Amino acid sequence: MSGTALPGWYVNFQTAVLQQLPRPGVLSQHDAEKWISTQAKLKRELTETLLSDVLLQQVPVDTTLSWKDMLESAGRHLYLEGSPEMIEAMPRGRAKKIEAYFFRLGYEMDIHEVKYKYKVHGLRPLDPYSLAAINAHDQDFADECNNATYWEVEAQDGWRSLAFHGGPKDRMATLVSRQRRWEGSWWFAGIPL
């Protein structure tokens, strides 16, 4: 937001957060310096604390990997709903490091409701390559948080999704090419608009 004035409600929010921070004597200099030196962790902790239905993941992305290698590095069996050409047609981000927000749906919804939820959170869908990189970086993440992203295509149904799900014994990555409803336990990945 450089060059743009912050809205008044946000300035009030910042003030309220600052007033509630632990004071010296409760917070040691050592602990304060630890948080100062780990800004990414501080941001993730604050996000997850303040927004109970949002998680933050920050990971490096190896943009040199092929789709096949990236999906294999996520340690999941790929289930493909559609033709194999769909894999190479998936959008691919170019960032060497990604900071993605995951929001929980909360209740069952279709893709139109998912799109609206992205808008409510001020996010746009994360590209599937970056989502695969997150799941490769933390192979246990989808065991706890089934996660997905979607993108629009010029096809009859107009969209596709890549989903990471299952537990330690049945880890899956599913490339979906049809309309479906998503259970409320799913987490969708996005980046700020």
# chains A, B, ... in the order shown; residues from 1 in each chain; ligands from 1
>>> select_by_dssp(residues="range 24-142 of chain A", states="alpha helix (DSSP H)", output="JSON, numbers by chain")
{"A": [29, 30, 31, 32, 33, 34, 35, 36, 37, 39, 40, 41, 42, 43, 44, 45, 46, 47, 48, 49, 50, 67, 68, 69, 70, 71, 72, 73, 85, 86, 87, 88, 111, 112, 113, 114, 115, 116, 117, 118, 119, 120, 128, 129, 130, 131, 132, 133, 134, 135, 136, 137, 141, 142]}
>>> write_last_selection(atoms="C-alpha atoms", output="tab-separated table (two decimals), in the first residue's frame")
chain	number	residue	atom	x	y	z
A	29	GLN	CA	14.78	-8.63	25.25
A	30	HIS	CA	15.90	-12.05	24.00
A	31	ASP	CA	12.33	-13.03	23.01
A	32	ALA	CA	11.72	-9.64	21.37
A	33	GLU	CA	14.93	-9.94	19.33
A	34	LYS	CA	13.98	-13.47	18.31
A	35	TRP	CA	10.66	-12.20	16.86
A	36	ILE	CA	12.43	-9.25	15.20
A	37	SER	CA	14.83	-11.64	13.45
A	39	GLN	CA	9.59	-11.56	10.62
A	40	ALA	CA	8.07	-14.28	8.41
A	41	LYS	CA	7.26	-16.42	11.45
A	42	LEU	CA	5.85	-13.39	13.30
A	43	LYS	CA	3.61	-12.58	10.34
A	44	ARG	CA	2.40	-16.20	10.10
A	45	GLU	CA	1.67	-16.39	13.84
A	46	LEU	CA	-0.22	-13.09	13.85
A	47	THR	CA	-2.22	-14.05	10.76
A	48	GLU	CA	-3.20	-17.43	12.16
A	49	THR	CA	-4.07	-15.94	15.55
A	50	LEU	CA	-6.10	-13.01	14.28
A	67	TRP	CA	5.33	-30.54	-13.66
A	68	LYS	CA	5.98	-34.27	-13.24
A	69	ASP	CA	8.97	-33.65	-10.94
A	70	MET	CA	7.13	-31.00	-8.91
A	71	LEU	CA	4.11	-33.26	-8.35
A	72	GLU	CA	6.36	-36.20	-7.45
A	73	SER	CA	8.29	-34.05	-4.98
A	85	GLU	CA	-2.45	-32.98	-21.51
A	86	MET	CA	-4.24	-31.19	-18.67
A	87	ILE	CA	-1.08	-31.43	-16.55
A	88	GLU	CA	1.10	-29.43	-18.94
A	111	ILE	CA	-17.01	-23.18	-7.33
A	112	HIS	CA	-19.08	-19.98	-7.55
A	113	GLU	CA	-19.23	-19.78	-3.76
A	114	VAL	CA	-15.49	-20.55	-3.57
A	115	LYS	CA	-14.81	-17.65	-5.99
A	116	TYR	CA	-16.85	-15.36	-3.75
A	117	LYS	CA	-14.90	-16.51	-0.67
A	118	TYR	CA	-11.64	-15.54	-2.43
A	119	LYS	CA	-13.10	-12.07	-3.00
A	120	VAL	CA	-14.16	-11.76	0.66
A	128	PRO	CA	-1.19	-24.74	-9.12
A	129	TYR	CA	2.59	-24.99	-9.54
A	130	SER	CA	3.15	-22.88	-6.42
A	131	LEU	CA	0.55	-24.94	-4.53
A	132	ALA	CA	2.46	-28.08	-5.49
A	133	ALA	CA	5.68	-26.44	-4.23
A	134	ILE	CA	4.04	-25.72	-0.85
A	135	ASN	CA	2.92	-29.34	-0.55
A	136	ALA	CA	6.38	-30.54	-1.62
A	137	HIS	CA	8.03	-28.31	0.99
A	141	PHE	CA	0.52	-30.20	5.33
A	142	ALA	CA	-2.25	-31.84	3.30
>>> select_by_dssp(residues="range 119-163 of chain A", states="strand (DSSP E or B)", output="MDAnalysis selection string")
chainID A and resid 123:125 147:152 159:163
>>> write_last_selection(atoms="C-alpha atoms", output="mmCIF file, in the first residue's frame")
data_model
loop_
_atom_site.group_PDB
_atom_site.id
_atom_site.type_symbol
_atom_site.label_atom_id
_atom_site.label_comp_id
_atom_site.auth_asym_id
_atom_site.auth_seq_id
_atom_site.Cartn_x
_atom_site.Cartn_y
_atom_site.Cartn_z
ATOM 1 C CA LEU A 123 -7.260 -12.954 -2.551
ATOM 2 C CA ARG A 124 -6.902 -14.410 -6.012
ATOM 3 C CA PRO A 125 -6.268 -18.132 -6.567
ATOM 4 C CA ASN A 147 -5.913 -27.913 0.177
ATOM 5 C CA ALA A 148 -6.674 -26.792 -3.348
ATOM 6 C CA THR A 149 -6.647 -24.003 -5.878
ATOM 7 C CA TYR A 150 -8.565 -23.426 -9.080
ATOM 8 C CA TRP A 151 -8.100 -21.637 -12.387
ATOM 9 C CA GLU A 152 -10.359 -20.765 -15.259
ATOM 10 C CA TRP A 159 -12.539 -24.221 -14.614
ATOM 11 C CA ARG A 160 -10.034 -26.761 -13.269
ATOM 12 C CA SER A 161 -8.598 -27.415 -9.830
ATOM 13 C CA LEU A 162 -5.595 -29.096 -8.241
ATOM 14 C CA ALA A 163 -6.210 -30.600 -4.819
#
>>> atom_distance(atom1="CA of Tyr79 in chain A", atom2="CA of His165 in chain A")
10.9 Å
>>> closest_residue(among="A:Pro22, A:Gly122, A:Gly106, A:Pro84", to="Leu175 in chain A", atoms="only C-alpha atoms")
A:Pro84
>>> residues_around(residues="range 98-103 of chain A", least_positions_apart="5", cutoff="6 Å", atoms="only C-alpha atoms", output="list of chain:residue names")
A:Asp53, A:Val54, A:Leu55, A:Leu56, A:Gln57, A:Gln58, A:Val59, A:Trp187, A:Phe188, A:Ala189, A:Gly190, A:Ile191
>>> residues_around(residues="Ala95 in chain A", least_positions_apart="4", cutoff="9 Å", atoms="only C-alpha atoms", output="list in words")
Pro60, Val61, Asp62, Thr63 and Ser130 of chain A
>>> write_last_selection(atoms="C-alpha atoms", output="JSON list (two decimals), in the first residue's frame")
[["chain", "number", "residue", "atom", "x", "y", "z"],
["A", 60, "PRO", "CA", 10.85, -21.28, -1.82],
["A", 61, "VAL", "CA", 9.75, -22.46, -5.27],
["A", 62, "ASP", "CA", 12.08, -24.33, -7.63],
["A", 63, "THR", "CA", 10.77, -23.02, -10.96],
["A", 130, "SER", "CA", 3.15, -22.88, -6.42]]
>>> decode(residues="range 102-116 of chain A", atoms="C-alpha atoms", output="PDB file, in the first residue's frame")
ATOM      1  CA  PHE A 102      -5.088 -20.577   2.923  1.00  0.00           C
ATOM      2  CA  PHE A 103      -8.688 -20.042   3.991  1.00  0.00           C
ATOM      3  CA  ARG A 104     -11.055 -22.764   5.192  1.00  0.00           C
ATOM      4  CA  LEU A 105     -14.383 -22.955   3.406  1.00  0.00           C
ATOM      5  CA  GLY A 106     -16.317 -23.682   6.607  1.00  0.00           C
ATOM      6  CA  TYR A 107     -19.272 -25.308   4.851  1.00  0.00           C
ATOM      7  CA  GLU A 108     -19.952 -27.179   1.610  1.00  0.00           C
ATOM      8  CA  MET A 109     -19.918 -24.955  -1.470  1.00  0.00           C
ATOM      9  CA  ASP A 110     -19.652 -24.985  -5.249  1.00  0.00           C
ATOM     10  CA  ILE A 111     -17.015 -23.180  -7.326  1.00  0.00           C
ATOM     11  CA  HIS A 112     -19.077 -19.981  -7.548  1.00  0.00           C
ATOM     12  CA  GLU A 113     -19.233 -19.777  -3.760  1.00  0.00           C
ATOM     13  CA  VAL A 114     -15.488 -20.550  -3.572  1.00  0.00           C
ATOM     14  CA  LYS A 115     -14.811 -17.650  -5.987  1.00  0.00           C
ATOM     15  CA  TYR A 116     -16.852 -15.359  -3.753  1.00  0.00           C
TER      16      TYR A 116
END
